[in-house]
>>> print(open('data_27.csv').read())   # CSV, C-alpha atoms
chain,number,residue,atom,x,y,z
A,108,MET,CA,36.8,31.2,-3.4
A,109,THR,CA,36.4,27.8,-5.1
A,110,THR,CA,33.5,25.7,-3.8
A,111,PRO,CA,34.8,22.3,-2.8
A,112,ALA,CA,33.6,19.5,-4.9
A,113,ALA,CA,31.0,17.1,-3.4
A,114,PRO,CA,32.6,13.9,-2.1
A,115,ALA,CA,32.5,11.1,-4.6
A,116,VAL,CA,30.1,8.3,-3.8
A,117,PRO,CA,32.1,5.1,-3.0
A,118,PRO,CA,31.5,2.2,-5.2
A,119,ILE,CA,29.3,-0.7,-4.2
A,120,ARG,CA,31.5,-3.5,-2.7
A,121,LEU,CA,30.5,-6.8,-4.2
A,122,LEU,CA,31.4,-10.4,-3.1
A,123,VAL,CA,30.9,-13.1,-5.7
A,124,VAL,CA,30.1,-16.6,-4.3
A,125,ASP,CA,30.0,-19.6,-6.7
A,126,ASP,CA,31.7,-23.0,-6.7
A,127,SER,CA,32.4,-22.6,-10.5
A,128,ALA,CA,35.6,-20.7,-11.2
A,129,TYR,CA,34.2,-20.0,-14.7
A,130,ASN,CA,31.0,-18.4,-13.3
A,131,ARG,CA,32.9,-16.4,-10.7
A,132,ARG,CA,35.1,-15.0,-13.4
A,133,ASN,CA,32.2,-14.1,-15.8
A,134,ILE,CA,30.1,-12.5,-13.0
A,135,ALA,CA,33.1,-10.4,-11.9
A,136,GLU,CA,33.7,-9.4,-15.5
A,137,VAL,CA,30.2,-7.9,-15.7
A,138,PHE,CA,31.5,-5.2,-13.3
A,139,ALA,CA,35.1,-5.0,-14.4
A,140,ALA,CA,34.7,-1.6,-16.2
A,141,HIS,CA,31.7,-0.3,-14.1
A,142,PRO,CA,32.6,2.7,-12.0
A,143,GLU,CA,29.9,2.1,-9.4
A,144,VAL,CA,30.8,-1.4,-8.5
A,145,GLU,CA,34.0,-2.9,-7.1
A,146,VAL,CA,34.4,-6.7,-6.9
A,147,VAL,CA,36.2,-7.0,-3.6
A,148,GLY,CA,36.3,-10.8,-3.4
A,149,LYS,CA,35.3,-14.2,-4.7
A,150,ALA,CA,34.5,-17.3,-2.8
A,151,ALA,CA,34.0,-21.0,-3.9
A,152,ASP,CA,31.7,-22.0,-1.1
A,153,GLY,CA,29.8,-20.7,1.9
A,154,GLU,CA,32.6,-21.3,4.4
A,155,GLU,CA,35.1,-19.2,2.5
A,156,ALA,CA,32.4,-16.6,1.9
A,157,LEU,CA,31.7,-16.2,5.6
A,158,LYS,CA,35.4,-15.5,6.2
A,159,LEU,CA,35.5,-12.9,3.4
A,160,VAL,CA,32.3,-11.2,4.7
A,161,THR,CA,34.1,-10.6,8.0
A,162,LEU,CA,37.3,-9.5,6.4
A,163,LEU,CA,35.9,-7.4,3.5
A,164,ARG,CA,32.5,-6.1,4.7
A,165,PRO,CA,30.8,-6.2,1.2
A,166,ASP,CA,27.7,-4.1,0.5
A,167,VAL,CA,26.1,-6.9,-1.6
A,168,ILE,CA,26.7,-10.6,-2.4
A,169,THR,CA,25.8,-12.7,-5.4
A,170,LEU,CA,25.3,-16.3,-4.3
A,171,ASP,CA,25.1,-19.7,-5.9
A,172,LEU,CA,23.1,-22.2,-3.8
A,173,GLU,CA,24.6,-25.6,-4.8
A,174,MET,CA,28.1,-25.6,-3.4
A,175,PRO,CA,30.5,-28.0,-1.6
A,176,ARG,CA,31.5,-27.8,2.1
A,177,MET,CA,28.9,-25.2,2.9
A,178,ASP,CA,25.9,-24.6,0.6
A,179,GLY,CA,24.1,-21.4,0.0
A,180,PHE,CA,21.3,-22.1,2.5
A,181,THR,CA,23.6,-22.7,5.4
A,182,PHE,CA,25.6,-19.6,4.4
A,183,LEU,CA,22.4,-17.5,4.4
A,184,ARG,CA,21.3,-18.7,7.8
A,185,ILE,CA,24.6,-17.8,9.4
A,186,LEU,CA,25.0,-14.5,7.4
A,187,MET,CA,21.6,-13.2,8.3
A,188,ALA,CA,22.1,-14.0,12.0
A,189,LYS,CA,25.6,-12.5,12.3
A,190,ALA,CA,26.0,-9.9,9.6
A,191,PRO,CA,22.8,-9.2,7.6
A,192,THR,CA,23.8,-8.2,4.0
A,193,PRO,CA,21.8,-7.9,0.8
A,194,VAL,CA,22.1,-11.2,-1.2
A,195,ILE,CA,21.2,-11.8,-4.8
A,196,VAL,CA,20.8,-15.4,-5.6
A,197,VAL,CA,22.1,-16.5,-9.1
A,198,SER,CA,20.4,-19.8,-9.7
A,199,SER,CA,19.3,-22.0,-12.6
A,200,TYR,CA,15.7,-22.4,-13.8
A,201,SER,CA,15.8,-26.0,-12.6
A,202,GLN,CA,16.3,-24.8,-9.0
A,203,ARG,CA,13.1,-22.8,-8.7
A,204,GLU,CA,12.0,-24.2,-5.4
A,205,ASN,CA,15.4,-23.6,-3.9
A,206,VAL,CA,15.2,-19.9,-5.0
A,207,PHE,CA,12.1,-19.3,-2.9
A,208,LYS,CA,13.6,-21.2,0.1
A,209,ALA,CA,16.6,-18.7,-0.2
A,210,LEU,CA,14.2,-15.8,-0.2
A,211,GLU,CA,12.6,-17.0,2.9
A,212,LEU,CA,16.0,-17.2,4.5
A,213,GLY,CA,16.6,-13.5,3.8
A,214,ALA,CA,17.9,-13.2,0.2
A,215,LEU,CA,16.9,-9.9,-1.4
A,216,ASP,CA,16.2,-11.1,-4.9
A,217,PHE,CA,17.3,-13.6,-7.5
A,218,VAL,CA,18.5,-13.8,-11.1
A,219,PRO,CA,17.8,-17.0,-13.2
A,220,LYS,CA,20.8,-18.2,-15.1
A,221,PRO,CA,21.7,-21.0,-17.6
A,222,ASP,CA,24.1,-23.7,-16.4
A,223,ARG,CA,27.1,-21.5,-17.0
A,224,VAL,CA,27.3,-17.7,-17.0
A,225,GLY,CA,29.1,-16.7,-20.1
A,226,PRO,CA,29.9,-13.7,-22.2
A,227,ASP,CA,27.2,-14.8,-24.7
A,228,SER,CA,24.4,-14.1,-22.1
A,229,PRO,CA,23.9,-10.3,-22.5
A,230,ASP,CA,20.4,-10.3,-20.9
A,231,LEU,CA,21.6,-12.2,-17.9
A,232,ARG,CA,24.7,-10.0,-17.5
A,233,GLU,CA,22.5,-6.8,-17.7
A,234,GLU,CA,20.0,-8.2,-15.1
A,235,ILE,CA,22.8,-9.1,-12.6
A,236,LEU,CA,24.2,-5.6,-13.1
A,237,GLN,CA,20.8,-3.9,-12.4
A,238,LYS,CA,20.1,-6.1,-9.4
A,239,VAL,CA,23.5,-5.2,-7.8
A,240,LEU,CA,23.0,-1.4,-8.6
A,241,LEU,CA,19.6,-1.7,-6.9
A,242,VAL,CA,21.5,-1.9,-3.5
A,243,ARG,CA,21.8,1.9,-3.6
A,244,SER,CA,17.9,2.1,-3.4
A,245,LEU,CA,17.5,0.0,-0.3
A,246,ARG,CA,16.3,1.6,2.8
A,247,PRO,CA,19.2,2.7,5.0
A,248,SER,CA,18.2,0.3,7.8
A,249,PHE,CA,18.0,-2.7,5.5
A,250,VAL,CA,17.5,-6.0,7.4
A,251,PRO,CA,16.1,-8.9,5.4
A,252,SER,CA,12.7,-10.2,6.5
A,253,MET,CA,13.2,-13.4,8.3
A,254,LEU,CA,9.9,-15.1,8.0
A,255,ILE,CA,8.4,-17.0,10.8
A,256,ARG,CA,5.9,-19.8,10.1
A,257,LYS,CA,2.8,-19.3,12.3
A,258,GLN,CA,-0.2,-21.4,12.9
A,259,VAL,CA,-3.2,-19.7,11.5
A,260,SER,CA,-6.2,-20.2,13.7
A,261,GLY,CA,-9.4,-18.4,14.5
A,262,SER,CA,-11.2,-15.9,12.3
A,263,PHE,CA,-12.2,-12.3,12.4
A,264,SER,CA,-15.6,-10.9,11.6
A,265,PRO,CA,-15.8,-7.1,11.6
A,266,GLU,CA,-18.3,-5.7,14.1
A,267,GLY,CA,-19.6,-9.2,14.9
A,268,GLU,CA,-20.9,-9.8,11.3
A,269,PRO,CA,-20.9,-13.4,10.0
A,270,THR,CA,-18.1,-14.0,7.5
A,271,GLY,CA,-20.4,-15.9,5.2
A,272,PHE,CA,-17.8,-18.6,4.5
A,273,ASP,CA,-17.3,-21.8,6.3
A,274,GLY,CA,-13.8,-22.6,5.1
A,275,ALA,CA,-14.8,-25.3,2.7
A,276,GLN,CA,-13.9,-25.2,-1.0
A,277,PRO,CA,-16.7,-23.4,-2.9
A,278,GLY,CA,-18.8,-25.7,-5.0
A,279,PRO,CA,-19.8,-25.1,-8.6
A,280,THR,CA,-23.4,-24.1,-7.6
A,281,PRO,CA,-24.5,-21.7,-6.4
A,282,TYR,CA,-21.7,-19.4,-7.3
A,283,ARG,CA,-20.4,-17.5,-4.3
A,284,PRO,CA,-18.5,-14.3,-5.2
A,285,PRO,CA,-15.9,-12.9,-2.8
A,286,ARG,CA,-17.1,-10.1,-0.7
A,287,ILE,CA,-13.8,-8.2,-1.3
A,288,VAL,CA,-11.2,-8.4,-4.0
A,289,VAL,CA,-7.6,-7.5,-2.9
A,290,ALA,CA,-5.2,-6.6,-5.7
A,291,ILE,CA,-1.5,-6.6,-4.7
A,292,ALA,CA,1.4,-5.0,-6.6
A,293,SER,CA,5.0,-5.8,-5.7
A,294,SER,CA,8.5,-6.1,-7.3
A,295,THR,CA,12.0,-6.3,-5.6
A,296,GLY,CA,11.6,-7.7,-2.1
A,297,GLY,CA,8.0,-8.7,-2.9
A,298,PRO,CA,8.2,-12.5,-2.7
A,299,SER,CA,9.3,-12.4,1.0
A,300,ALA,CA,6.7,-9.7,1.8
A,301,LEU,CA,3.9,-11.7,0.1
A,302,LEU,CA,4.9,-14.9,1.9
A,303,GLN,CA,4.6,-13.0,5.2
A,304,LEU,CA,1.2,-11.5,4.2
A,305,PHE,CA,-0.3,-14.8,3.0
A,306,GLY,CA,0.8,-16.5,6.2
A,307,LYS,CA,-1.5,-14.2,8.2
A,308,LEU,CA,-4.6,-14.9,6.2
A,309,THR,CA,-7.4,-17.0,7.5
A,310,ALA,CA,-9.5,-19.8,5.9
A,311,THR,CA,-12.7,-17.9,6.8
A,312,THR,CA,-11.8,-14.8,4.8
A,313,GLY,CA,-14.4,-13.5,2.5
A,314,ALA,CA,-11.8,-12.0,0.2
A,315,ALA,CA,-10.0,-13.1,-3.0
A,316,PHE,CA,-6.4,-12.0,-3.6
A,317,LEU,CA,-4.9,-11.1,-7.0
A,318,VAL,CA,-1.1,-10.7,-7.2
A,319,ALA,CA,1.0,-8.8,-9.8
A,320,GLN,CA,4.5,-9.6,-8.8
A,321,HIS,CA,7.3,-8.7,-11.3
A,322,MET,CA,9.0,-12.1,-11.8
A,323,PRO,CA,10.4,-14.3,-14.6
A,324,ASP,CA,7.7,-16.5,-16.2
A,325,LYS,CA,9.2,-19.8,-15.3
A,326,PHE,CA,9.1,-19.0,-11.6
A,327,THR,CA,5.5,-17.7,-11.0
A,328,ARG,CA,3.9,-21.2,-10.8
A,329,THR,CA,6.4,-22.3,-8.2
A,330,PHE,CA,5.9,-19.1,-6.3
A,331,ALA,CA,2.1,-19.5,-6.3
A,332,GLU,CA,2.6,-23.0,-4.9
A,333,ARG,CA,4.8,-21.5,-2.2
A,334,LEU,CA,2.1,-19.0,-1.2
A,335,ASP,CA,-0.5,-21.9,-1.3
A,336,LYS,CA,1.6,-23.8,1.3
A,337,ARG,CA,2.1,-20.6,3.4
A,338,GLY,CA,-1.5,-20.3,4.6
A,339,PRO,CA,-5.0,-21.5,4.2
A,340,VAL,CA,-5.9,-19.4,1.1
A,341,ARG,CA,-6.0,-21.7,-2.0
A,342,THR,CA,-3.4,-20.0,-4.3
A,343,LEU,CA,-2.7,-20.8,-7.9
A,344,GLU,CA,-0.9,-19.3,-10.9
A,345,ALA,CA,-3.7,-17.6,-12.8
A,346,SER,CA,-5.2,-18.9,-16.0
A,347,ASP,CA,-7.5,-17.2,-18.4
A,348,GLY,CA,-11.1,-17.7,-17.3
A,349,ASP,CA,-10.4,-18.5,-13.6
A,350,VAL,CA,-13.3,-17.7,-11.4
A,351,LEU,CA,-12.8,-15.8,-8.1
A,352,ALA,CA,-14.2,-17.2,-4.9
A,353,PRO,CA,-13.7,-16.4,-1.2
A,354,ALA,CA,-10.3,-17.5,0.2
A,355,THR,CA,-8.7,-17.9,-3.2
A,356,GLY,CA,-5.6,-16.3,-4.5
A,357,PHE,CA,-4.1,-15.9,-8.0
A,358,VAL,CA,-0.6,-15.0,-9.1
A,359,CYS,CA,-0.3,-13.4,-12.5
A,360,PRO,CA,2.0,-15.5,-14.8
A,361,GLY,CA,5.3,-13.9,-15.7
A,362,ARG,CA,5.4,-12.0,-19.0
A,363,ARG,CA,1.6,-11.8,-18.9
A,364,CYS,CA,-1.0,-9.4,-17.6
A,365,MET,CA,-4.0,-10.1,-15.5
A,366,GLU,CA,-7.3,-8.2,-15.3
A,367,LEU,CA,-10.6,-8.8,-13.5
A,368,VAL,CA,-13.7,-9.2,-15.7
A,369,ILE,CA,-17.1,-8.4,-13.9
A,370,ARG,CA,-20.1,-10.2,-15.4
A,371,GLY,CA,-23.0,-9.6,-13.1
A,372,ALA,CA,-22.2,-11.3,-9.9
A,373,GLU,CA,-19.5,-13.5,-11.5
A,374,LEU,CA,-15.9,-12.3,-11.2
A,375,LYS,CA,-13.5,-13.9,-13.7
A,376,LEU,CA,-9.9,-13.4,-14.7
A,377,LEU,CA,-8.6,-12.3,-18.1
A,378,VAL,CA,-4.9,-13.4,-18.6
A,379,GLY,CA,-3.1,-12.4,-21.7
A,380,PRO,CA,-0.1,-10.8,-23.3
A,381,ALA,CA,1.2,-7.4,-22.4
A,382,ALA,CA,-0.1,-4.4,-24.4
A,383,ALA,CA,2.1,-2.0,-26.3
A,384,GLY,CA,1.5,0.7,-23.6
A,385,ASP,CA,2.3,-1.5,-20.6
A,386,LYS,CA,5.3,0.0,-18.8
A,387,TYR,CA,5.7,-3.0,-16.5
A,388,VAL,CA,4.8,-6.7,-17.0
A,389,PRO,CA,2.8,-7.9,-15.2
A,390,SER,CA,1.1,-4.6,-15.0
A,391,ALA,CA,-0.2,-3.6,-11.6
A,392,ASP,CA,-1.9,-0.5,-13.2
A,393,ARG,CA,-4.0,-2.7,-15.5
A,394,LEU,CA,-4.9,-5.0,-12.6
A,395,PHE,CA,-5.9,-2.1,-10.3
A,396,LYS,CA,-7.9,-0.4,-13.0
A,397,SER,CA,-9.9,-3.6,-13.6
A,398,VAL,CA,-10.9,-4.1,-10.0
A,399,ALA,CA,-11.8,-0.4,-9.5
A,400,PRO,CA,-15.4,-0.8,-10.7
A,401,LEU,CA,-16.0,-2.9,-7.6
A,402,GLY,CA,-15.9,0.3,-5.6
A,403,ALA,CA,-15.9,-0.2,-1.9
A,404,ARG,CA,-15.5,-3.9,-2.4
A,405,CYS,CA,-11.9,-3.6,-3.7
A,406,VAL,CA,-8.6,-3.0,-1.9
A,407,GLY,CA,-5.3,-2.1,-3.6
A,408,VAL,CA,-2.0,-2.9,-1.9
A,409,ILE,CA,1.3,-1.6,-3.1
A,410,LEU,CA,4.4,-3.3,-1.6
A,411,THR,CA,8.1,-2.9,-2.0
A,412,GLY,CA,9.6,-2.4,-5.5
A,413,MET,CA,11.4,-0.2,-7.9
A,414,GLY,CA,9.5,2.2,-10.2
A,415,ASP,CA,5.9,3.5,-10.0
A,416,ASP,CA,3.8,0.6,-11.2
A,417,GLY,CA,0.3,0.7,-9.6
A,418,VAL,CA,0.1,4.5,-9.1
A,419,GLU,CA,-2.4,5.2,-11.9
A,420,GLY,CA,-4.4,2.1,-11.1
A,421,ALA,CA,-4.5,3.1,-7.4
A,422,ARG,CA,-5.9,6.5,-8.4
A,423,SER,CA,-8.8,4.7,-10.2
A,424,ILE,CA,-9.5,2.6,-7.1
A,425,ARG,CA,-9.6,5.6,-4.8
A,426,GLN,CA,-11.9,7.5,-7.3
A,427,ALA,CA,-14.3,4.6,-7.3
A,428,GLY,CA,-14.5,4.5,-3.5
A,429,GLY,CA,-12.0,1.7,-2.8
A,430,VAL,CA,-9.1,1.6,-0.4
A,431,VAL,CA,-5.4,1.8,-1.3
A,432,ILE,CA,-2.7,0.7,1.2
A,433,ALA,CA,1.0,1.6,0.6
A,434,GLU,CA,3.7,-0.2,2.5
A,435,SER,CA,5.6,2.3,4.7
A,436,LYS,CA,9.3,3.2,4.0
A,437,GLU,CA,10.1,1.7,7.4
A,438,THR,CA,9.5,-1.9,6.1
A,439,ALA,CA,9.6,-1.6,2.3
A,440,ILE,CA,13.0,-3.0,1.2
A,441,VAL,CA,12.8,-0.7,-1.9
A,442,ASN,CA,10.5,2.3,-1.4
A,443,GLY,CA,10.0,3.1,-5.1
A,444,MET,CA,6.5,1.8,-5.8
A,445,PRO,CA,4.9,2.5,-2.4
A,446,GLY,CA,6.7,5.9,-2.2
A,447,ALA,CA,5.4,6.9,-5.6
A,448,ALA,CA,1.9,6.1,-4.5
A,449,VAL,CA,2.3,8.2,-1.3
A,450,ARG,CA,3.8,11.2,-3.2
A,451,ALA,CA,0.9,11.0,-5.8
A,452,GLY,CA,-1.6,11.2,-3.0
A,453,VAL,CA,-3.4,8.0,-4.0
A,454,ALA,CA,-2.8,6.0,-0.8
A,455,SER,CA,-5.6,5.8,1.7
A,456,GLU,CA,-3.3,4.5,4.4
A,457,VAL,CA,0.5,4.0,4.7
A,458,LEU,CA,1.3,0.9,6.9
A,459,PRO,CA,4.3,-1.2,7.8
A,460,LEU,CA,4.2,-4.7,6.4
A,461,PRO,CA,3.0,-6.5,9.6
A,462,ALA,CA,0.1,-4.0,9.9
A,463,ILE,CA,-0.9,-4.7,6.3
A,464,GLY,CA,-1.0,-8.4,7.1
A,465,ASP,CA,-3.2,-7.7,10.1
A,466,TYR,CA,-5.5,-5.6,8.0
A,467,LEU,CA,-5.9,-8.2,5.3
A,468,ALA,CA,-6.4,-11.0,7.9
A,469,LYS,CA,-9.5,-9.1,9.1
A,470,LEU,CA,-11.2,-8.9,5.8
>>> encode(input="data_27.csv", output="structure tokens")
Amino acid sequence: MTTPAAPAVPPIRLLVVDDSAYNRRNIAEVFAAHPEVEVVGKAADGEEALKLVTLLRPDVITLDLEMPRMDGFTFLRILMAKAPTPVIVVSSYSQRENVFKALELGALDFVPKPDRVGPDSPDLREEILQKVLLVRSLRPSFVPSMLIRKQVSGSFSPEGEPTGFDGAQPGPTPYRPPRIVVAIASSTGGPSALLQLFGKLTATTGAAFLVAQHMPDKFTRTFAERLDKRGPVRTLEASDGDVLAPATGFVCPGRRCMELVIRGAELKLLVGPAAAGDKYVPSADRLFKSVAPLGARCVGVILTGMGDDGVEGARSIRQAGGVVIAESKETAIVNGMPGAAVRAGVASEVLPLPAIGDYLAKL
């Protein structure tokens, strides 16, 4: 008897939304010969796109933000309220602030583009392709994180201990090192997750926060500014030689790597180019390994993202006596990075994103 063949996996249904007919055509052409993706529709504005979402039920949408009649922001608000669908923003470098606004409204990820998407943009075309194919890796119950701005008030002191920080900006003398250093790794879905976490932090925290988020280099400074506005922790794009202090945060610049340098009581940052052996840039493994010598004073956090960046570094943190938290598959938009840490046995705890925020708020 002949064994029946396994049913073929249906292609990913893609809706392209852009007010430029030229861009719509060129984005669609990226997938013209790809067996895993079917472009089921194109729309010139948000109003038309909403009608097509109802009619076509796409699996993923590529979205321009600046459009007539109904812009991308209004479209996102209505879409996420009525028919949550993975959205990949395709936006120019000049619209960096708008990209992060879209992520807060529920967009999954973004692809930076020149003014016009053409056949002479092979890197851009490949990135759009990979982001769309990523939809197959999303958790089955994917619902975008709709972030809620919360007033941050009060403080937490474990077991009644004083926090040792009064909320004021640390002065140049005497140097006051953070009691704990939290290193965070994230990729796809990470910006929204990080905005949620930083919104839960308190001004009285004794911790410093170091972020390795896989992101294009022209966007990391704007993202750091967004995190800075999200809560009371002073957050900057990292520069070589920056000194850590309580209630400070640093985002590794795109296309660079960041490491902690420990010189006695002083904790400083080393920011430089990627090494030949770095599989990912920024490298969470390098960051985690550099904080591991702090022992019980360090916490590694692995959030949503593709791949396995952070696993080896997390192993170093655990061996040194630190704590490693992996985001649970229930909230991780893409369970690649945290799932790899769990399978490798290097996670001290596996927590949903809100619980990670509560944990960090208590440091």
>>> residues_around(input="data_27.csv", residues="A:Thr327", least_positions_apart="4", cutoff="9 Å", atoms="only C-alpha atoms", output="list in words")
Gln320, Met322, Pro323, Ala331, Glu332, Glu344, Val358, Cys359, Pro360 and Gly361 of chain A
>>> write_last_selection(input="data_27.csv", atoms="C-alpha atoms", output="PDB file, keeping the file's coordinate frame")
ATOM      1  CA  GLN A 320       4.500  -9.600  -8.800  1.00  0.00           C
ATOM      2  CA  MET A 322       9.000 -12.100 -11.800  1.00  0.00           C
ATOM      3  CA  PRO A 323      10.400 -14.300 -14.600  1.00  0.00           C
ATOM      4  CA  ALA A 331       2.100 -19.500  -6.300  1.00  0.00           C
ATOM      5  CA  GLU A 332       2.600 -23.000  -4.900  1.00  0.00           C
ATOM      6  CA  GLU A 344      -0.900 -19.300 -10.900  1.00  0.00           C
ATOM      7  CA  VAL A 358      -0.600 -15.000  -9.100  1.00  0.00           C
ATOM      8  CA  CYS A 359      -0.300 -13.400 -12.500  1.00  0.00           C
ATOM      9  CA  PRO A 360       2.000 -15.500 -14.800  1.00  0.00           C
ATOM     10  CA  GLY A 361       5.300 -13.900 -15.700  1.00  0.00           C
TER      11      GLY A 361
END
>>> closest_residue(input="data_27.csv", among="A:Lys336, A:Lys189, A:Lys469, A:Arg341", to="A:Ala315", atoms="only C-alpha atoms")
A:Arg341
>>> residues_around(input="data_27.csv", residues="stretch 394-405 of chain A", least_positions_apart="4", cutoff="7 Å", atoms="all atoms listed in the file", output="list in words")
Arg286, Ile287, Val288, Val289, Ala290, Met365, Glu366, Leu367, Ser390, Gly417, Gly420, Ala421, Ser423, Ile424, Ala427, Gly428, Gly429 and Val430 of chain A
>>> atom_distance(input="data_27.csv", atom1="atom CA of A:Pro142", atom2="atom CA of A:Pro118")
6.9 Å
>>> closest_residue(input="data_27.csv", among="A:Pro298, A:Pro459, A:Gly464, A:Gly446", to="A:Phe326", atoms="all atoms listed in the file")
A:Pro298
>>> residues_around(input="data_27.csv", residues="A:Val206", least_positions_apart="6", cutoff="12 Å", atoms="only C-alpha atoms", output="PyMOL selection string")
chain A and resi 170-173+179-180+194-200+212-220+298-299+325-327+329-330+333
>>> write_last_selection(input="data_27.csv", atoms="C-alpha atoms", output="mmCIF file, in the frame of the given file")
data_model
loop_
_atom_site.group_PDB
_atom_site.id
_atom_site.type_symbol
_atom_site.label_atom_id
_atom_site.label_comp_id
_atom_site.auth_asym_id
_atom_site.auth_seq_id
_atom_site.Cartn_x
_atom_site.Cartn_y
_atom_site.Cartn_z
ATOM 1 C CA LEU A 170 25.300 -16.300 -4.300
ATOM 2 C CA ASP A 171 25.100 -19.700 -5.900
ATOM 3 C CA LEU A 172 23.100 -22.200 -3.800
ATOM 4 C CA GLU A 173 24.600 -25.600 -4.800
ATOM 5 C CA GLY A 179 24.100 -21.400 0.000
ATOM 6 C CA PHE A 180 21.300 -22.100 2.500
ATOM 7 C CA VAL A 194 22.100 -11.200 -1.200
ATOM 8 C CA ILE A 195 21.200 -11.800 -4.800
ATOM 9 C CA VAL A 196 20.800 -15.400 -5.600
ATOM 10 C CA VAL A 197 22.100 -16.500 -9.100
ATOM 11 C CA SER A 198 20.400 -19.800 -9.700
ATOM 12 C CA SER A 199 19.300 -22.000 -12.600
ATOM 13 C CA TYR A 200 15.700 -22.400 -13.800
ATOM 14 C CA LEU A 212 16.000 -17.200 4.500
ATOM 15 C CA GLY A 213 16.600 -13.500 3.800
ATOM 16 C CA ALA A 214 17.900 -13.200 0.200
ATOM 17 C CA LEU A 215 16.900 -9.900 -1.400
ATOM 18 C CA ASP A 216 16.200 -11.100 -4.900
ATOM 19 C CA PHE A 217 17.300 -13.600 -7.500
ATOM 20 C CA VAL A 218 18.500 -13.800 -11.100
ATOM 21 C CA PRO A 219 17.800 -17.000 -13.200
ATOM 22 C CA LYS A 220 20.800 -18.200 -15.100
ATOM 23 C CA PRO A 298 8.200 -12.500 -2.700
ATOM 24 C CA SER A 299 9.300 -12.400 1.000
ATOM 25 C CA LYS A 325 9.200 -19.800 -15.300
ATOM 26 C CA PHE A 326 9.100 -19.000 -11.600
ATOM 27 C CA THR A 327 5.500 -17.700 -11.000
ATOM 28 C CA THR A 329 6.400 -22.300 -8.200
ATOM 29 C CA PHE A 330 5.900 -19.100 -6.300
ATOM 30 C CA ARG A 333 4.800 -21.500 -2.200
#
>>> residues_around(input="data_27.csv", residues="A:Asp178", least_positions_apart="6", cutoff="12 Å", atoms="only C-alpha atoms", output="PyMOL selection string")
chain A and resi 124-126+150-157+170-172+184-185+205+209
>>> atom_distance(input="data_27.csv", atom1="atom CA of A:Asn133", atom2="atom CA of A:Leu121")
13.8 Å
>>> atom_distance(input="data_27.csv", atom1="atom CA of A:Gly379", atom2="atom CA of A:Gly348")
10.6 Å
>>> residues_around(input="data_27.csv", residues="A:Asp465", least_positions_apart="2", cutoff="12 Å", atoms="all atoms listed in the file", output="list in words")
Ser262, Phe263, Gln303, Leu304, Phe305, Gly306, Lys307, Leu308, Thr309, Leu458, Pro459, Leu460, Pro461, Ala462, Ile463, Leu467, Ala468, Lys469 and Leu470 of chain A
>>> write_last_selection(input="data_27.csv", atoms="C-alpha atoms", output="CSV table (one decimal), in the frame of the given file")
chain,number,residue,atom,x,y,z
A,262,SER,CA,-11.2,-15.9,12.3
A,263,PHE,CA,-12.2,-12.3,12.4
A,303,GLN,CA,4.6,-13.0,5.2
A,304,LEU,CA,1.2,-11.5,4.2
A,305,PHE,CA,-0.3,-14.8,3.0
A,306,GLY,CA,0.8,-16.5,6.2
A,307,LYS,CA,-1.5,-14.2,8.2
A,308,LEU,CA,-4.6,-14.9,6.2
A,309,THR,CA,-7.4,-17.0,7.5
A,458,LEU,CA,1.3,0.9,6.9
A,459,PRO,CA,4.3,-1.2,7.8
A,460,LEU,CA,4.2,-4.7,6.4
A,461,PRO,CA,3.0,-6.5,9.6
A,462,ALA,CA,0.1,-4.0,9.9
A,463,ILE,CA,-0.9,-4.7,6.3
A,467,LEU,CA,-5.9,-8.2,5.3
A,468,ALA,CA,-6.4,-11.0,7.9
A,469,LYS,CA,-9.5,-9.1,9.1
A,470,LEU,CA,-11.2,-8.9,5.8
>>> closest_residue(input="data_27.csv", among="A:Arg203, A:Arg246, A:Lys238, A:Lys208", to="A:Ile168", atoms="only C-alpha atoms")
A:Lys238
>>> closest_residue(input="data_27.csv", among="A:Thr161, A:Ser435, A:Thr312, A:Ser294", to="A:Asp415", atoms="all atoms listed in the file")
A:Ser294
>>> closest_residue(input="data_27.csv", among="A:Thr181, A:Thr342, A:Ser244, A:Thr411", to="A:Ala310", atoms="all atoms listed in the file")
A:Thr342
>>> closest_residue(input="data_27.csv", among="A:Ala115, A:Cys364, A:Ala439, A:Val239", to="A:Asp324", atoms="all atoms listed in the file")
A:Cys364
>>> decode(input="data_27.csv", residues="stretch 436-451 of chain A", atoms="C-alpha atoms", output="compact mmCIF listing (two decimals), in the first residue's frame")
# COMPACT_ATOMS: atom_id res chain seq x y z
CA LYS A 436 6.73 30.68 24.75
CA GLU A 437 3.31 31.94 25.84
CA THR A 438 4.40 35.58 25.33
CA ALA A 439 7.51 35.39 23.12
CA ILE A 440 6.44 36.46 19.64
CA VAL A 441 9.25 34.29 18.26
CA ASN A 442 10.44 31.58 20.64
CA GLY A 443 13.80 30.99 18.94
CA MET A 444 16.22 32.70 21.34
CA PRO A 445 14.44 32.02 24.66
CA GLY A 446 13.49 28.51 23.52
CA ALA A 447 17.14 27.74 22.71
CA ALA A 448 18.15 28.85 26.20
CA VAL A 449 15.52 26.63 27.79
CA ARG A 450 16.53 23.60 25.71
CA ALA A 451 20.18 24.17 26.60
